[in-house]
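Printed here is protein01.pdb (PDB, C-alpha atoms):
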ATOM      1  CA  THR A 223      10.197  -6.731   1.068
ATOM      2  CA  MET A 224      12.439  -4.009  -0.313
ATOM      3  CA  VAL A 225      13.655  -1.002   1.684
ATOM      4  CA  GLU A 226      15.047   2.084  -0.030
ATOM      5  CA  ILE A 227      16.854   4.685   2.091
ATOM      6  CA  LYS A 228      17.796   8.107   0.764
ATOM      7  CA  LEU A 229      19.690  10.894   2.485
ATOM      8  CA  ILE A 230      18.753  14.202   0.893
ATOM      9  CA  SER A 231      20.631  17.468   1.329
ATOM     10  CA  TRP A 232      18.833  20.814   1.260
ATOM     11  CA  PRO A 233      21.818  23.151   0.745
ATOM     12  CA  THR A 234      19.809  26.384   0.737
ATOM     13  CA  GLN A 235      18.416  25.517   4.183
ATOM     14  CA  ASN A 236      21.555  23.734   5.463
ATOM     15  CA  LYS A 237      19.417  20.733   6.451
ATOM     16  CA  TRP A 238      19.273  17.023   5.776
ATOM     17  CA  GLN A 239      16.288  14.762   5.254
ATOM     18  CA  LEU A 240      16.114  10.988   5.583
ATOM     19  CA  ASN A 241      13.536   9.208   3.422
ATOM     20  CA  VAL A 242      12.773   5.553   4.049
ATOM     21  CA  ASP A 243      10.482   3.834   1.541
ATOM     22  CA  ILE A 244       9.263   0.303   2.221
ATOM     23  CA  PHE A 245       7.889  -1.789  -0.622
ATOM     24  CA  PRO A 246       6.099  -4.876   0.729
ATOM     25  CA  SER A 247       6.307  -8.216  -1.020
ATOM     26  CA  PRO A 248       3.194 -10.248  -1.906
ATOM     27  CA  SER A 249       3.861 -12.501   1.099
ATOM     28  CA  ASP A 250       3.460  -9.454   3.405
ATOM     29  CA  VAL A 251      -0.184  -8.944   2.391
ATOM     30  CA  GLY A 252      -2.398  -9.839   5.342
ATOM     31  CA  ASN A 253       0.683 -10.709   7.457
ATOM     32  CA  SER A 254       1.846  -7.295   8.578
ATOM     33  CA  SER A 255       1.199  -4.836  11.356
ATOM     34  CA  GLY A 256       2.813  -1.801  12.866
ATOM     35  CA  LEU A 257       4.086   1.469  11.502
ATOM     36  CA  CYS A 258       3.489   0.532   7.869
ATOM     37  CA  GLY A 259      -0.079  -0.600   8.490
ATOM     38  CA  VAL A 260      -1.888  -3.878   8.345
ATOM     39  CA  LEU A 261      -1.666  -4.214   4.552
ATOM     40  CA  ASP A 262      -5.096  -5.765   4.170
ATOM     41  CA  GLY A 263      -6.668  -3.208   1.830
ATOM     42  CA  ASN A 264      -8.446  -1.365   4.686
ATOM     43  CA  TYR A 265      -6.735   2.002   5.074
ATOM     44  CA  ARG A 266      -8.772   2.747   8.223
ATOM     45  CA  ASN A 267      -6.694   0.349  10.364
ATOM     46  CA  ASP A 268      -3.292   1.582   9.191
ATOM     47  CA  PHE A 269      -2.914   4.312  11.832
ATOM     48  CA  THR A 270      -2.566   2.042  14.868
ATOM     49  CA  ARG A 271      -0.464   3.649  17.573
ATOM     50  CA  ASN A 272       2.481   1.881  19.151
ATOM     51  CA  ASP A 273       1.330   2.333  22.723
ATOM     52  CA  ALA A 274      -0.541   0.428  25.397
ATOM     53  CA  THR A 275      -3.939   1.490  24.008
ATOM     54  CA  LYS A 276      -3.269   0.374  20.412
ATOM     55  CA  THR A 277      -5.585   3.235  19.461
ATOM     56  CA  MET A 278      -6.618   3.256  15.808
ATOM     57  CA  ASP A 279      -6.716   6.829  14.565
ATOM     58  CA  ASN A 280      -9.146   7.685  11.761
ATOM     59  CA  PRO A 281      -7.050   8.657   8.709
ATOM     60  CA  ASP A 282      -9.988  10.650   7.291
ATOM     61  CA  HIS A 283      -9.336  13.297   9.983
ATOM     62  CA  TYR A 284      -5.795  14.027   8.817
ATOM     63  CA  HIS A 285      -4.600  16.449   6.181
ATOM     64  CA  TYR A 286      -1.709  18.845   5.585
ATOM     65  CA  HIS A 287      -2.779  21.249   8.365
ATOM     66  CA  ASN A 288      -3.774  18.449  10.769
ATOM     67  CA  PRO A 289      -1.059  15.768  10.602
ATOM     68  CA  PRO A 290      -1.283  12.552  12.661
ATOM     69  CA  ASN A 291       1.088  13.797  15.376
ATOM     70  CA  ALA A 292      -0.068  11.464  18.178
ATOM     71  CA  PHE A 293       0.278   8.483  15.832
ATOM     72  CA  SER A 294       3.728   9.598  14.669
ATOM     73  CA  GLU A 295       4.966  10.324  18.193
ATOM     74  CA  SER A 296       3.859   6.872  19.379
ATOM     75  CA  TRP A 297       6.356   5.347  16.916
ATOM     76  CA  ARG A 298       9.246   7.734  17.668
ATOM     77  CA  LEU A 299      12.540   6.106  18.623
ATOM     78  CA  PHE A 300      14.950   7.934  20.841
ATOM     79  CA  LYS A 301      18.694   7.446  20.639
ATOM     80  CA  TYR A 302      18.666   5.079  23.624
ATOM     81  CA  ASP A 303      16.086   2.905  21.806
ATOM     82  CA  LEU A 304      18.070   2.404  18.611
ATOM     83  CA  PHE A 305      19.745  -0.827  19.668
ATOM     84  CA  VAL A 306      16.792  -2.397  21.465
ATOM     85  CA  GLU A 307      14.543  -4.988  19.900
ATOM     86  CA  ILE A 308      11.046  -3.550  19.600
ATOM     87  CA  HIS A 309       7.900  -5.628  19.230
ATOM     88  CA  ALA A 310       4.940  -3.713  17.809
ATOM     89  CA  TYR A 311       2.374  -6.361  18.703
TER      90      TYR A 311
END
Exercise: express the given structure as structure tokens:
Amino acid sequence: TMVEIKLISWPTQNKWQLNVDIFPSPSDVGNSSGLCGVLDGNYRNDFTRNDATKTMDNPDHYHYHNPPNAFSESWRLFKYDLFVEIHAY
């Protein structure tokens, strides 16, 4: 697995953006879960929330004007969580 992290500056808006790209290795196929999906070729099970319900959101319902906010918020880390080991499943 390769992880690429980029810190991007938007000078005209005086803002920063953090991009994290994860490129799975062949050994990750069928052996993953969590924020990056199950990696089994079925996109419908990739939006599993990190909460007690493990709700699977339907990705066909999301688009630019209807982002997957509940899914995204379920994976949010707060500053007090940054140094805690987290188990997705």
Measuring between all atoms listed in the file, which one of A:Phe300, A:Val225, A:Arg266, A:Pro233 shows the shortest distance to Tyr284 (chain A)?
A:Arg266
CA of Asn264 (chain A) to CA of Lys228 (chain A), distance in Å rounded to a single decimal:
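Interatomic distance, CA of Asn264 (chain A) to CA of Lys228 (chain A): 28.2 Å.
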Take CA of Pro248 (chain A) and CA of Phe269 (chain A) and report the distance between them in Å, one decimal.
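The value is 20.9 Å.
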Since I can't run it myself right now, could you work out what the PyMOL selection byres ((chain A and resi 277) around 12) selects here and report it as number ranges by chain?
A: 256, 266-276, 278-280, 292-293, 296
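Using all atoms listed in the file, the smallest distance between any of A:Leu299, A:Leu261, A:Met224, A:Ile230 and Ser247 (chain A) comes from A:Met224.
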